>>> print(open('model36.txt').read())   # compact mmCIF, C-alpha atoms
# COMPACT_ATOMS: atom_id res chain seq x y z
CA MET A 803 -2.67 1.85 -25.67
CA THR A 804 -0.43 4.88 -25.06
CA ASP A 805 -1.99 8.31 -25.08
CA THR A 806 -0.20 11.27 -26.65
CA ALA A 807 1.53 13.95 -24.60
CA HIS A 808 0.42 17.57 -24.46
CA PRO A 809 1.38 19.25 -27.78
CA ALA A 810 3.54 21.86 -26.06
CA ASP A 811 5.26 19.25 -23.86
CA THR A 812 4.10 21.25 -20.86
CA VAL A 813 1.54 20.14 -18.30
CA LYS A 814 0.28 21.42 -15.00
CA PHE A 815 0.79 18.12 -13.16
CA LEU A 816 3.29 15.45 -14.17
CA VAL A 817 2.80 12.21 -12.26
CA ILE A 818 5.81 9.91 -12.51
CA GLY A 819 4.76 6.34 -11.83
CA GLY A 820 1.77 4.54 -13.31
CA GLY A 821 1.12 2.29 -10.34
CA LEU A 822 -1.63 2.34 -7.76
CA GLU A 823 -0.67 5.57 -5.98
CA GLY A 824 0.16 7.57 -9.09
CA LEU A 825 -3.10 6.59 -10.76
CA SER A 826 -5.13 7.35 -7.63
CA ILE A 827 -3.49 10.77 -7.49
CA ALA A 828 -4.32 11.41 -11.15
CA TRP A 829 -7.96 10.39 -10.63
CA ASN A 830 -8.34 12.52 -7.50
CA LEU A 831 -6.85 15.56 -9.25
CA ALA A 832 -9.25 15.02 -12.14
CA GLU A 833 -12.18 14.73 -9.73
CA ARG A 834 -11.21 18.19 -8.49
CA GLY A 835 -11.33 19.52 -12.06
CA GLU A 836 -7.59 19.39 -12.66
CA THR A 837 -7.40 17.49 -15.95
CA ASP A 838 -4.12 18.89 -17.31
CA VAL A 839 -2.40 15.83 -15.88
CA LEU A 840 0.09 13.51 -17.52
CA VAL A 841 1.00 10.14 -16.01
CA VAL A 842 4.21 8.54 -17.26
CA GLU A 843 5.08 4.88 -16.65
CA LYS A 844 8.34 3.17 -17.63
CA ASP A 845 6.59 -0.09 -18.53
CA THR A 846 2.83 -0.74 -18.58
CA LEU A 847 0.35 0.52 -16.01
CA CYS A 848 0.45 -1.36 -12.68
CA SER A 849 3.25 -3.63 -13.93
CA GLY A 850 5.57 -2.87 -11.00
CA MET A 851 5.01 -3.71 -7.35
CA THR A 852 1.29 -2.92 -7.62
CA GLY A 853 0.85 -6.32 -9.25
CA LYS A 854 2.61 -8.01 -6.30
CA SER A 855 0.34 -6.55 -3.63
CA SER A 856 -1.55 -8.97 -1.39
CA GLY A 857 -4.52 -6.59 -1.51
CA ILE A 858 -5.44 -6.50 2.18
CA VAL A 859 -7.96 -3.88 3.29
CA ARG A 860 -7.64 -3.01 6.98
CA CYS A 861 -7.63 0.02 9.26
CA HIS A 862 -5.76 -1.60 12.12
CA TYR A 863 -2.81 0.72 12.75
CA GLY A 864 -1.19 2.18 15.84
CA SER A 865 -0.69 5.52 14.05
CA PRO A 866 -3.94 7.53 13.96
CA THR A 867 -3.05 9.06 10.61
CA MET A 868 -2.43 5.69 8.96
CA ALA A 869 -5.61 4.27 10.47
CA ALA A 870 -7.59 7.29 9.29
CA LEU A 871 -6.18 7.15 5.75
CA SER A 872 -7.29 3.53 5.53
CA TRP A 873 -10.70 4.33 7.00
CA HIS A 874 -11.32 7.14 4.51
CA SER A 875 -10.49 4.67 1.73
CA ILE A 876 -13.14 2.13 2.70
CA PRO A 877 -16.09 3.99 1.10
CA VAL A 878 -14.25 4.08 -2.23
CA PHE A 879 -13.74 0.32 -2.17
CA GLU A 880 -17.38 -0.18 -1.17
CA ASN A 881 -18.78 2.18 -3.82
CA ALA A 882 -16.22 1.61 -6.56
CA THR A 883 -18.75 0.72 -9.25
CA GLY A 884 -20.57 4.02 -8.87
CA LEU A 885 -17.42 6.10 -8.44
CA LEU A 886 -15.14 4.44 -10.98
CA GLY A 887 -17.36 2.23 -13.10
CA ASP A 888 -15.53 -0.87 -11.86
CA ASP A 889 -15.94 -2.95 -8.70
CA MET A 890 -12.14 -3.39 -8.38
CA ALA A 891 -12.81 -6.99 -7.23
CA PHE A 892 -13.15 -5.89 -3.61
CA ARG A 893 -14.45 -8.69 -1.36
CA GLN A 894 -15.71 -7.44 1.99
CA CYS A 895 -14.94 -10.62 3.91
CA GLY A 896 -13.78 -8.69 6.98
CA TYR A 897 -10.38 -8.38 8.62
CA ALA A 898 -9.19 -9.76 11.95
CA VAL A 899 -5.99 -9.53 13.98
CA ILE A 900 -5.10 -12.05 16.67
CA VAL A 901 -2.58 -11.58 19.47
CA GLY A 902 -1.04 -13.50 22.34
CA GLU A 903 -1.21 -12.54 26.01
CA GLU A 904 1.78 -10.19 25.73
CA ASN A 905 -0.09 -8.00 23.23
CA VAL A 906 -3.56 -7.78 24.75
CA ILE A 907 -2.94 -4.34 26.27
CA PRO A 908 -1.71 -2.70 23.04
CA LEU A 909 -4.53 -4.39 21.11
CA ARG A 910 -7.13 -2.87 23.44
CA ALA A 911 -5.47 0.54 23.25
CA ASN A 912 -5.26 0.45 19.44
CA VAL A 913 -8.88 -0.59 19.07
CA ALA A 914 -9.96 2.23 21.40
CA MET A 915 -7.91 4.73 19.38
CA GLN A 916 -9.36 3.46 16.11
CA GLN A 917 -12.90 3.64 17.50
CA SER A 918 -12.25 7.26 18.50
CA LEU A 919 -11.62 7.96 14.80
CA GLY A 920 -14.97 6.42 13.91
CA ILE A 921 -13.52 3.15 12.63
CA GLU A 922 -15.90 0.21 12.92
CA THR A 923 -13.82 -2.27 14.89
CA GLU A 924 -14.28 -4.26 18.07
CA LEU A 925 -12.55 -6.65 20.40
CA ILE A 926 -13.75 -10.23 20.18
CA PRO A 927 -12.84 -13.34 22.19
CA PRO A 928 -10.82 -16.21 20.67
CA ASP A 929 -13.85 -18.48 20.39
CA ARG A 930 -15.60 -15.89 18.23
CA MET A 931 -12.51 -15.82 16.02
CA ALA A 932 -12.74 -19.59 15.68
CA GLU A 933 -16.31 -19.17 14.46
CA LEU A 934 -15.26 -16.62 11.84
CA TRP A 935 -12.56 -19.00 10.54
CA PRO A 936 -13.61 -22.65 11.14
CA GLY A 937 -10.64 -24.89 11.85
CA LEU A 938 -8.45 -22.06 13.15
CA ASN A 939 -6.35 -23.06 16.15
CA VAL A 940 -6.87 -20.36 18.80
CA ASP A 941 -5.22 -22.16 21.74
CA ASP A 942 -2.45 -19.53 21.91
CA VAL A 943 -4.70 -16.59 21.05
CA ALA A 944 -5.53 -14.28 23.95
CA ALA A 945 -7.62 -11.69 22.10
CA ALA A 946 -8.68 -10.56 18.67
CA ALA A 947 -9.96 -7.47 16.89
CA TRP A 948 -12.56 -7.59 14.15
CA GLU A 949 -13.25 -5.14 11.32
CA PRO A 950 -16.36 -6.22 9.38
CA ARG A 951 -15.79 -3.60 6.66
CA GLY A 952 -12.26 -4.79 5.88
CA GLY A 953 -11.38 -7.52 3.44
CA ARG A 954 -9.43 -8.21 0.29
CA GLY A 955 -9.09 -6.56 -3.08
CA GLU A 956 -7.05 -6.76 -6.28
CA ALA A 957 -4.42 -4.04 -6.58
CA TYR A 958 -3.95 -4.38 -10.32
CA MET A 959 -7.68 -4.03 -10.98
CA THR A 960 -7.89 -1.12 -8.55
CA GLY A 961 -5.08 0.73 -10.28
CA MET A 962 -6.57 0.13 -13.71
CA ALA A 963 -9.95 1.36 -12.48
CA PHE A 964 -8.31 4.59 -11.30
CA ALA A 965 -6.60 4.87 -14.69
CA ALA A 966 -9.78 4.36 -16.71
CA ALA A 967 -11.73 6.86 -14.62
CA ALA A 968 -8.93 9.44 -14.83
CA ARG A 969 -8.71 9.03 -18.60
CA ARG A 970 -12.44 9.59 -18.96
CA HIS A 971 -11.86 12.98 -17.31
CA GLY A 972 -9.12 13.79 -19.84
CA VAL A 973 -5.98 12.75 -17.96
CA ARG A 974 -3.27 11.59 -20.36
CA VAL A 975 -1.08 8.54 -19.90
CA ARG A 976 2.20 7.61 -21.55
CA GLN A 977 3.36 4.03 -21.09
CA SER A 978 6.79 2.62 -21.99
CA THR A 979 8.17 6.04 -21.07
CA ARG A 980 11.09 5.77 -18.71
CA VAL A 981 12.14 8.89 -16.84
CA THR A 982 15.92 9.10 -16.62
CA SER A 983 16.17 12.31 -14.61
CA LEU A 984 14.22 15.13 -13.10
CA LEU A 985 14.80 18.58 -14.54
CA ARG A 986 16.04 21.45 -12.41
CA GLY A 987 15.28 25.07 -13.15
CA ARG A 988 16.27 28.26 -11.42
CA GLY A 989 16.50 28.29 -7.66
CA ASP A 990 16.67 24.52 -7.42
CA ARG A 991 13.09 24.21 -8.57
CA VAL A 992 12.10 20.94 -10.27
CA VAL A 993 10.46 21.88 -13.56
CA GLY A 994 9.88 18.57 -15.32
CA ALA A 995 11.48 15.34 -16.42
CA GLU A 996 13.72 13.94 -19.15
CA PHE A 997 12.97 10.59 -20.74
CA ALA A 998 15.13 7.78 -22.09
CA ASP A 999 14.63 8.95 -25.67
CA GLY A 1000 16.00 12.39 -24.80
CA SER A 1001 12.64 14.19 -24.89
CA THR A 1002 11.40 16.28 -21.99
CA VAL A 1003 8.16 17.42 -20.43
CA HIS A 1004 7.92 20.52 -18.29
CA ALA A 1005 5.39 20.82 -15.50
CA GLU A 1006 4.23 23.27 -12.86
CA GLN A 1007 4.28 20.39 -10.37
CA VAL A 1008 6.05 17.05 -10.58
CA ILE A 1009 4.67 14.24 -8.40
CA LEU A 1010 7.03 11.36 -7.70
CA ALA A 1011 5.13 8.12 -7.11
CA THR A 1012 7.59 5.46 -8.22
CA GLY A 1013 7.75 3.28 -5.10
CA VAL A 1014 10.98 1.31 -4.79
CA TRP A 1015 12.48 3.22 -7.73
CA ALA A 1016 12.05 6.65 -6.10
CA PRO A 1017 15.63 7.00 -4.76
CA GLN A 1018 17.08 6.68 -8.26
CA LEU A 1019 15.15 9.68 -9.54
CA GLY A 1020 15.55 11.67 -6.35
CA ALA A 1021 19.32 11.35 -6.71
CA THR A 1022 19.21 13.08 -10.12
CA VAL A 1023 18.38 16.35 -8.34
CA GLY A 1024 20.51 15.69 -5.26
CA LEU A 1025 17.63 14.43 -3.10
CA ASP A 1026 18.43 11.52 -0.80
CA LEU A 1027 15.20 9.61 -0.23
CA PRO A 1028 15.24 7.13 2.67
CA VAL A 1029 13.43 4.40 0.74
CA ARG A 1030 14.72 0.84 0.38
CA ALA A 1031 13.36 -2.16 -1.50
CA GLN A 1032 12.61 -4.83 1.11
CA ARG A 1033 12.05 -8.38 -0.12
CA ALA A 1034 8.53 -9.70 0.48
CA GLN A 1035 7.92 -13.40 -0.13
CA LEU A 1036 4.45 -14.87 -0.54
CA VAL A 1037 3.46 -18.52 -0.67
CA LEU A 1038 0.30 -20.09 -2.09
CA VAL A 1039 -1.14 -23.15 -0.35
CA ASP A 1040 -3.91 -25.53 -1.35
CA GLN A 1041 -5.27 -26.97 1.89
CA GLY A 1042 -6.73 -29.99 0.10
CA GLU A 1043 -10.16 -28.55 -0.51
CA PRO A 1044 -11.25 -25.00 -1.43
CA LEU A 1045 -11.31 -22.69 1.56
CA GLU A 1046 -14.72 -21.19 2.23
CA GLN A 1047 -15.13 -17.43 2.69
CA VAL A 1048 -13.15 -16.36 5.75
CA PRO A 1049 -11.74 -13.05 6.97
CA THR A 1050 -8.33 -11.76 6.01
CA LEU A 1051 -6.19 -12.54 9.05
CA SER A 1052 -3.17 -10.89 10.67
CA ASP A 1053 -1.66 -13.47 13.01
CA LEU A 1054 0.59 -11.51 15.38
CA VAL A 1055 1.24 -14.66 17.40
CA GLY A 1056 2.79 -16.54 14.48
CA LEU A 1057 3.85 -13.32 12.68
CA GLN A 1058 2.10 -14.17 9.46
CA TYR A 1059 -0.91 -13.00 7.47
CA LEU A 1060 -3.37 -15.21 5.65
CA CYS A 1061 -5.79 -14.40 2.84
CA ARG A 1062 -8.26 -16.49 0.91
CA GLU A 1063 -7.54 -16.46 -2.83
CA PRO A 1064 -10.50 -16.34 -5.23
CA ASN A 1065 -9.88 -20.00 -6.14
CA GLY A 1066 -10.04 -21.09 -2.49
CA GLU A 1067 -6.30 -21.36 -1.91
CA ILE A 1068 -4.50 -19.57 0.93
CA LEU A 1069 -2.00 -16.77 0.40
CA ALA A 1070 0.49 -16.71 3.27
CA GLY A 1071 2.73 -13.73 3.91
CA ASN A 1072 5.37 -12.81 6.47
CA SER A 1073 4.82 -10.32 9.31
CA ASP A 1074 8.25 -10.76 10.90
CA HIS A 1075 10.48 -7.85 9.89
CA HIS A 1076 13.28 -8.24 12.42
CA SER A 1077 15.81 -9.21 9.74
CA PRO A 1078 14.74 -7.52 6.52
CA GLN A 1079 16.35 -8.46 3.22
CA TYR A 1080 16.96 -5.64 0.75
CA ILE A 1081 17.03 -6.26 -2.98
CA ASP A 1082 17.63 -4.60 -6.32
CA PRO A 1083 14.06 -4.04 -7.57
CA ASP A 1084 15.24 -4.59 -11.14
CA SER A 1085 17.01 -7.90 -10.46
CA TYR A 1086 15.75 -10.46 -7.96
CA SER A 1087 14.43 -14.01 -7.80
CA ASN A 1088 10.65 -14.17 -8.10
CA ARG A 1089 10.45 -17.35 -6.06
CA ALA A 1090 10.33 -17.73 -2.27
CA ASP A 1091 13.43 -19.33 -0.81
CA ASP A 1092 13.36 -22.71 0.89
CA THR A 1093 13.78 -21.26 4.38
CA THR A 1094 10.73 -19.06 3.94
CA VAL A 1095 8.65 -21.92 2.58
CA GLU A 1096 9.61 -24.06 5.59
CA LYS A 1097 8.57 -21.29 7.98
CA VAL A 1098 5.26 -20.85 6.17
CA VAL A 1099 4.54 -24.56 6.39
CA GLU A 1100 5.40 -24.67 10.09
CA ARG A 1101 3.30 -21.62 10.99
CA LEU A 1102 0.38 -22.64 8.80
CA MET A 1103 0.25 -26.19 10.12
CA HIS A 1104 0.10 -24.76 13.63
CA ARG A 1105 -2.65 -22.25 12.88
CA LEU A 1106 -4.68 -24.59 10.63
CA PRO A 1107 -3.90 -28.09 11.91
CA ASP A 1108 -6.88 -29.79 10.28
CA MET A 1109 -6.15 -29.02 6.64
CA PRO A 1110 -7.15 -32.17 4.69
CA ASP A 1111 -4.19 -32.45 2.32
CA PRO A 1112 -2.07 -29.28 2.23
CA ALA A 1113 0.33 -28.60 -0.62
CA ILE A 1114 2.43 -25.66 -1.80
CA THR A 1115 1.14 -24.58 -5.21
CA GLY A 1116 3.43 -21.64 -5.87
CA SER A 1117 5.21 -18.57 -4.58
CA TYR A 1118 6.26 -15.15 -5.72
CA VAL A 1119 8.29 -12.21 -4.49
CA GLY A 1120 7.72 -8.48 -4.43
CA ALA A 1121 9.34 -5.57 -2.65
CA TYR A 1122 8.03 -3.09 -0.11
CA ASP A 1123 9.28 0.47 -0.58
CA THR A 1124 10.17 0.83 3.08
CA THR A 1125 11.14 3.91 5.04
CA PRO A 1126 12.95 3.84 8.41
CA ASP A 1127 9.64 3.98 10.33
CA TYR A 1128 7.64 1.87 7.85
CA ASN A 1129 5.30 4.74 7.08
CA PRO A 1130 4.96 6.73 3.85
CA VAL A 1131 6.32 10.07 2.76
CA ILE A 1132 3.51 12.20 1.37
CA GLY A 1133 4.17 15.89 0.93
CA PRO A 1134 6.38 18.55 -0.61
CA SER A 1135 10.04 17.76 -1.08
CA PRO A 1136 12.78 20.24 -0.10
CA LEU A 1137 12.84 21.25 -3.78
CA ASP A 1138 10.05 23.51 -5.03
CA GLY A 1139 7.95 21.89 -7.70
CA LEU A 1140 8.52 18.31 -6.53
CA PHE A 1141 5.89 16.51 -4.47
CA LEU A 1142 6.54 13.08 -2.95
CA ALA A 1143 4.22 10.10 -2.55
CA VAL A 1144 6.66 7.28 -1.81
CA GLY A 1145 7.73 4.79 0.85
CA PHE A 1146 4.39 3.12 1.46
CA SER A 1147 6.04 0.17 3.20
CA GLY A 1148 3.31 -2.34 2.39
CA HIS A 1149 0.39 -0.04 3.29
CA GLY A 1150 -0.19 1.42 -0.16
CA PHE A 1151 -3.13 -0.62 -1.42
CA LYS A 1152 -5.47 -0.25 1.52
CA MET A 1153 -5.02 3.53 1.76
CA SER A 1154 -4.56 4.32 -1.94
CA PRO A 1155 -7.95 6.04 -2.45
CA ALA A 1156 -7.31 8.40 0.47
CA VAL A 1157 -3.66 8.92 -0.52
CA GLY A 1158 -4.79 10.27 -3.87
CA ARG A 1159 -7.27 12.54 -2.13
CA LEU A 1160 -4.63 13.72 0.36
CA VAL A 1161 -2.16 14.58 -2.39
CA ALA A 1162 -4.81 16.44 -4.38
CA GLU A 1163 -5.93 18.39 -1.32
CA LEU A 1164 -2.40 19.30 -0.27
CA LEU A 1165 -1.49 20.44 -3.78
CA LEU A 1166 -4.66 22.42 -4.36
CA ASP A 1167 -5.64 23.58 -0.86
CA GLY A 1168 -2.52 23.23 1.26
CA THR A 1169 -4.42 21.17 3.85
CA THR A 1170 -6.76 18.19 4.09
CA THR A 1171 -10.41 17.84 4.98
CA MET A 1172 -10.02 14.21 6.09
CA SER A 1173 -10.63 13.88 9.82
CA GLY A 1174 -7.91 12.17 11.81
CA VAL A 1175 -5.26 12.69 9.11
CA ASP A 1176 -2.29 14.84 10.13
CA PRO A 1177 -0.12 15.56 7.07
CA ALA A 1178 2.83 16.27 9.39
CA ASP A 1179 3.00 12.54 10.12
CA CYS A 1180 3.95 12.00 6.48
CA ARG A 1181 6.54 14.78 6.08
CA LEU A 1182 9.98 13.83 4.75
CA SER A 1183 11.78 15.96 7.32
CA ARG A 1184 10.66 13.77 10.24
CA PHE A 1185 13.61 11.47 9.68
CA ALA A 1186 16.23 14.24 9.86
CA GLU A 1187 14.40 15.64 12.88
CA GLY A 1188 14.55 12.30 14.67
CA ARG A 1189 10.76 12.29 15.00
CA PRO A 1190 9.53 9.19 13.16
CA THR A 1191 5.86 8.34 12.89
CA ILE A 1192 5.47 5.29 15.09
CA SER A 1193 2.68 3.28 16.63
CA LEU A 1194 1.22 4.74 19.81
CA ASN A 1195 0.77 1.19 21.09
CA PRO A 1196 3.35 -1.09 19.44
CA TYR A 1197 3.02 -4.85 19.52
CA VAL A 1198 5.76 -6.93 21.10
CA GLY A 1199 7.58 -8.63 18.25
CA ALA A 1200 5.54 -6.96 15.55
CA GLY A 1201 5.96 -3.22 15.87
CA GLU A 1202 6.96 -2.64 12.26
CA MET A 1203 4.29 -2.02 9.66
CA ARG A 1204 1.71 -1.46 12.39
>>> encode(input="model36.txt", output="C-alpha cells")
Amino acid sequence: MTDTAHPADTVKFLVIGGGLEGLSIAWNLAERGETDVLVVEKDTLCSGMTGKSSGIVRCHYGSPTMAALSWHSIPVFENATGLLGDDMAFRQCGYAVIVGEENVIPLRANVAMQQSLGIETELIPPDRMAELWPGLNVDDVAAAAWEPRGGRGEAYMTGMAFAAAARRHGVRVRQSTRVTSLLRGRGDRVVGAEFADGSTVHAEQVILATGVWAPQLGATVGLDLPVRAQRAQLVLVDQGEPLEQVPTLSDLVGLQYLCREPNGEILAGNSDHHSPQYIDPDSYSNRADDTTVEKVVERLMHRLPDMPDPAITGSYVGAYDTTPDYNPVIGPSPLDGLFLAVGFSGHGFKMSPAVGRLVAELLLDGTTTMSGVDPADCRLSRFAEGRPTISLNPYVGAGEMR
C-alpha cells in the first residue's frame, strides 16, 4: 500500500530510497521524534539490492569505525522484537573468519583492535573451528577468529521491519515513485526532488540512500559520486543432506564466504575482488556465470570434502554499491540540503541499524554518541583528499571489503 504525501508537498526530511538504509534512517529519525519524514521508492520497498543481500552479521573489520558501526547494530538485531515488533529473522549462529599462515599477524592485530572497542571476539585454534563446523577441512587454516554474537539475518525482513516501525510513528512512504532529478534552489542548495510524473516535493533536508543508483541522481545537480555497481554472484548448494546449524564463515584462505540457508542448503559467495566486474544495475543477468560456478565448486569441495552428494540448486546476482576504498559515504554532500548515505560496498546489512542512528545524530546533533565511530572516516571528501578509509591491518589477498 502507498501512503499519501504531505498535503503541501513539503516535508522536513525527504529520504530517497526505500531500501534497508533509507528505511533505517527513517525509523531512527522517527525514534528521535522527527516524524515529518517522507520515504520515496521507485518500485516497492526493499525490491532493489536489499533483497539480494546475503545477510551476514559480523563486526570483523580492519577499520575501527566500520567495526564499531557493526557492533552498535548487534543489540538491535538481538532485541528486534521489542524495538520493532518483528524478529527480522536474525539467527545468532555466530561468525568466524579463517586465515592462512600469511594472515595470522593481521588477524591478531584486528582482533585486538576490535576487542579494544568492546567487541566480543576471540582468537581460536583451527581444531576449535572444526568443532564449530563439523566436516570443515582446516588443514590449511593457521588461525581463526570467533564472534559468538554474529550470525545471519534476512535483509528484506529487516528493511520491512524498519518500515513498519517508522510508519507507526507517522513516517510516510510513497512506493512506485521514481525520482528523476534533485531540485536546486538558491546558492546551490538542494531543496527537494522531481518525480517521473512531473510532480515535486520540497524538503528542508534531502537524504540520498539509493545504493547503486546514487550516481544517476547525484549527476542531476552536478555531483559526481564515486559509486559503481559491482557484480556479486551467489551460488546455492545442497550438500546432500540438510546442513546443521553452523556459524557464518569468511574463508580468507579460499576467498569465499559460506552461510547456512534456513532450508539447510549452503549459500556460497565470493571474497576475491581483484578483478571486479561492473554492471548496469538496471540490466544484468541474474544467474551466476559458468566460471564462477566452477570456482565455487572447487573451493567448496576443498573446504567441505565430505559432503554426501553435493549439487548446485540455484544462483543469483546482485550488485555492491562500491566506492574506491570499499567503505561507505555517510555525511553531508558539498551541496547544502543534501545528505549522503551511499556506497556501502557490501557492508550495508550488518551495520544498517547503526547507520540509521548515525545519520539521525549527524542531522540533528552534528555529531554521534556511538563510541568508536568517527564520522570523518565516512566523509565524501576523503577521496579527493587522497585519504581513503582503509584497514589498519589488511589481509594478504583479501584487503578489500575488510
>>> residues_around(input="model36.txt", residues="Thr1171 (chain A)", least_positions_apart="2", cutoff="12 Å", atoms="only C-alpha atoms", output="ChimeraX atom specification")
/A:870-871,874,1156,1159-1164,1166-1169,1173-1177
>>> closest_residue(input="model36.txt", among="A:Val975, A:Met851, A:Cys1180, A:Ala966", to="Pro1083 (chain A)", atoms="only C-alpha atoms")
A:Met851
>>> closest_atom_pairs(input="model36.txt", of="region 808-899 of chain A", to="region 1151-1155 of chain A", cutoff="8 Å", atoms="only C-alpha atoms", output="CSV")
residue,atom,partner,partner_atom,distance
A:Leu822,CA,A:Ser1154,CA,6.8
A:Glu823,CA,A:Ser1154,CA,5.7
A:Ser826,CA,A:Pro1155,CA,6.0
A:Thr852,CA,A:Phe1151,CA,8.0
A:Ser855,CA,A:Phe1151,CA,7.2
A:Gly857,CA,A:Phe1151,CA,6.1
A:Ile858,CA,A:Lys1152,CA,6.3
A:Val859,CA,A:Lys1152,CA,4.7
A:Arg860,CA,A:Lys1152,CA,6.5
A:Met868,CA,A:Met1153,CA,8.0
A:Leu871,CA,A:Met1153,CA,5.5
A:Ser872,CA,A:Met1153,CA,4.4
A:Trp873,CA,A:Met1153,CA,7.8
A:His874,CA,A:Met1153,CA,7.8
A:Ser875,CA,A:Pro1155,CA,5.1
A:Val878,CA,A:Pro1155,CA,6.6
>>> atom_distance(input="model36.txt", atom1="CA of Asp1082 (chain A)", atom2="CA of Gly1145 (chain A)")
15.4 Å
>>> closest_atom_pairs(input="model36.txt", of="region 1058-1135 of chain A", to="region 1181-1204 of chain A", cutoff="6 Å", atoms="all atoms listed in the file", output="JSON lines")
{"residue": "A:Asp1127", "atom": "CA", "partner": "A:Pro1190", "partner_atom": "CA", "distance": 5.9}
{"residue": "A:Tyr1128", "atom": "CA", "partner": "A:Met1203", "partner_atom": "CA", "distance": 5.4}
{"residue": "A:Val1131", "atom": "CA", "partner": "A:Leu1182", "partner_atom": "CA", "distance": 5.6}
{"residue": "A:Gly1133", "atom": "CA", "partner": "A:Arg1181", "partner_atom": "CA", "distance": 5.8}
>>> atom_distance(input="model36.txt", atom1="CA of Thr883 (chain A)", atom2="CA of Ile921 (chain A)")
22.6 Å
